[in-house]
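K.L.:
The following block contains the structure, expressed as structure tokens.
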Amino acid sequence: MNERTATPSPSHTLTPSDIARVALKRLAELGLPPTPENYTKFYNAIAAIKSPTDKSSEELKSAYQVLFRVSDVLDGMNEASGLLLEDLSRGGAVMDKSLDTLRSSNDPEQLQAVLGELIESTGSVRQTVSSSHRDLQELKQAMDKIQTDLALNRKTLEQDPLTGALNRQGLEHLLAREVKRVRRAAYALTVAILDLDEFKRVNDRHGHLVGDKVLMHFSSIAKAVLRESDILVRYGGEEFLVLLPETDLNGARFVIDRLRQVNAKTPYFYQNQHIEIRFSTGVAELKADENGHAMLLRADQAMYRAKGAGRDQMVFAD
């Protein structure tokens with residue numbers, strides 16, 4: 001079995017709590033309120049940068065640029081809203097004083113002067129509100145563009161470039177989300193880890209380029225068989241993971257059996273010969289007292305038992 005894709009060293013990997021601390025620190029440095037909206041924007045931008053070491057410098061540079069643009073726009077929003085509040089507060093004070101004078105004075109000249117001051121102050125506030133509204137609208141448009149760019153960056157960083165499946169980083173994000181859904185609504189959640197049997201022979205006999213084509217072919221078959229709610233991940237060199245939301249062990253058996261049948265009927269065709277691939281599978285369902293990573297570990301152990309049982313097998317975790 002080929003080695004799994006390299007996992008980033010601890011110095012390059014941020015946990016969700018690490019990202020949260022960085023996001024809150026950045027908000028504090030900018031003097032921005034830690035509102036859910038501000039926090040989410042920074043958290044997502046920083047999470048996009050938490051990429052595996054196999055990502056190119058250009059991809060990382062692009063992610064950092066998005067983060068800096070988020071920072072600049074939020075800073076601009078904070079400045080615009082701060083100026084608006086200052087002008088409104090100043091105008092409000094003038095209006096309060098003018099109204100007090102109007103209530104207590106009977107001098108026509110004084111009343112006329114106060115009314116003029118009140119009209120001027122009202123016009124100034126109206127102009128400030130109008131200008132601030134335009135500024136905030138422009139900043140909102142910039143933020144919308146940044147959110148689009150951020151989504152594209154995240155997709156790039158979380159997608160396996162060869163097969164188009166999610167990579168491990170993408171799995172981390174979705175696994176956490178699905179485990180939370182299970183805890184809220186008592187859904188079943190199952191994972192299957194698939195290892196292509198004797199894949200090294202394909203690389204040795206036909207070369208790595210053909211091996212890559214076989215991986216792409218298998219990924220296409222899996223995407224065609226899996227349901228829309230299922231999540232395909234390239235878990236390692238020739239290992240794939242399927243996350244099955246709202247699915248118990250019986251449902252997982254049905255999905256994997258169907259994938260096995262379709263895969264057996266659809267070998268990869270190369271130079272007038274069929275390259276047939278089988279796979280061994282370990283399946284685990286999330287327990288009430290475990291987290292998502294513990295479930296993955298049990299599925300991984302079950303997959304190795306399937307390999308030891310003669311390959312092209314499916315083993316359910318204890």
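The way I read the labels, and the way they are meant: chains A, B, ... in the order of the structure tokens, residue 1 as the first residue of every chain, and ligand 1 as the first ligand shown, with later ones counted on from there.
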Let's see if you can do this: from backbone DSSP, list all strand (DSSP E) residues in region 142-276 of chain A, as a PyMOL selection string.
P.N.:
chain A and resi 189-196+231-234+239-245+268-270+273-275
K.L.:
Where does region 220-282 of chain A meet region 184-201 of chain A within 8 Å, residue by residue, with the nearest atom pair and distance in Å to one decimal for each, counting only C-alpha atoms, listed by chain and rising number, as a tab-separated table?
P.N.:
residue	atom	partner	partner_atom	distance
A:Glu238	CA	A:Leu196	CA	5.8
A:Glu239	CA	A:Asp195	CA	4.4
A:Phe240	CA	A:Leu194	CA	5.1
A:Leu241	CA	A:Ile193	CA	4.4
A:Val242	CA	A:Ala192	CA	5.1
A:Leu243	CA	A:Val191	CA	4.6
A:Leu244	CA	A:Thr190	CA	5.1
A:Pro245	CA	A:Leu189	CA	4.8
A:Glu246	CA	A:Ala188	CA	4.7
A:Thr247	CA	A:Ala188	CA	5.2
A:Asp248	CA	A:Ala188	CA	5.4
A:Leu249	CA	A:Thr190	CA	6.7
A:Ala252	CA	A:Thr190	CA	6.9
A:Ile277	CA	A:Leu196	CA	6.6
A:Arg278	CA	A:Asp197	CA	5.5
A:Phe279	CA	A:Leu196	CA	4.2
A:Ser280	CA	A:Asp195	CA	5.3
A:Thr281	CA	A:Leu194	CA	4.5
A:Gly282	CA	A:Ile193	CA	5.3
K.L.:
So, counting only C-alpha atoms, which residue among A:Met216, A:Arg183, A:Glu172, A:Pro267 is closest to Glu290 (chain A)?
P.N.:
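Among A:Met216, A:Arg183, A:Glu172, A:Pro267, it is A:Arg183 that comes nearest to Glu290 (chain A).
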K.L.:
For a quick check of understanding, using only C-alpha atoms, which of A:His208, A:Arg260, A:His274, A:Lys265 has the smallest distance to Gly237 (chain A)?
P.N.:
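For Gly237 (chain A), the nearest of the given residues is A:His208.
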K.L.:
Can you tell me how far CA of Arg311 (chain A) sits from CA of Ser219 (chain A), in Å to one decimal?
P.N.:
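Spanning CA of Arg311 (chain A) to CA of Ser219 (chain A) is a straight-line distance of 19.3 Å.
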K.L.:
If I take CA of Arg168 (chain A) and CA of Ala299 (chain A), how far is one from the other in Å, to one decimal?
P.N.:
15.3 Å
K.L.:
At what distance in Å, to one decimal, does CA of Ala264 (chain A) lie from CA of Gly310 (chain A)?
P.N.:
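Distance reported for this atom pair: 16.9 Å.
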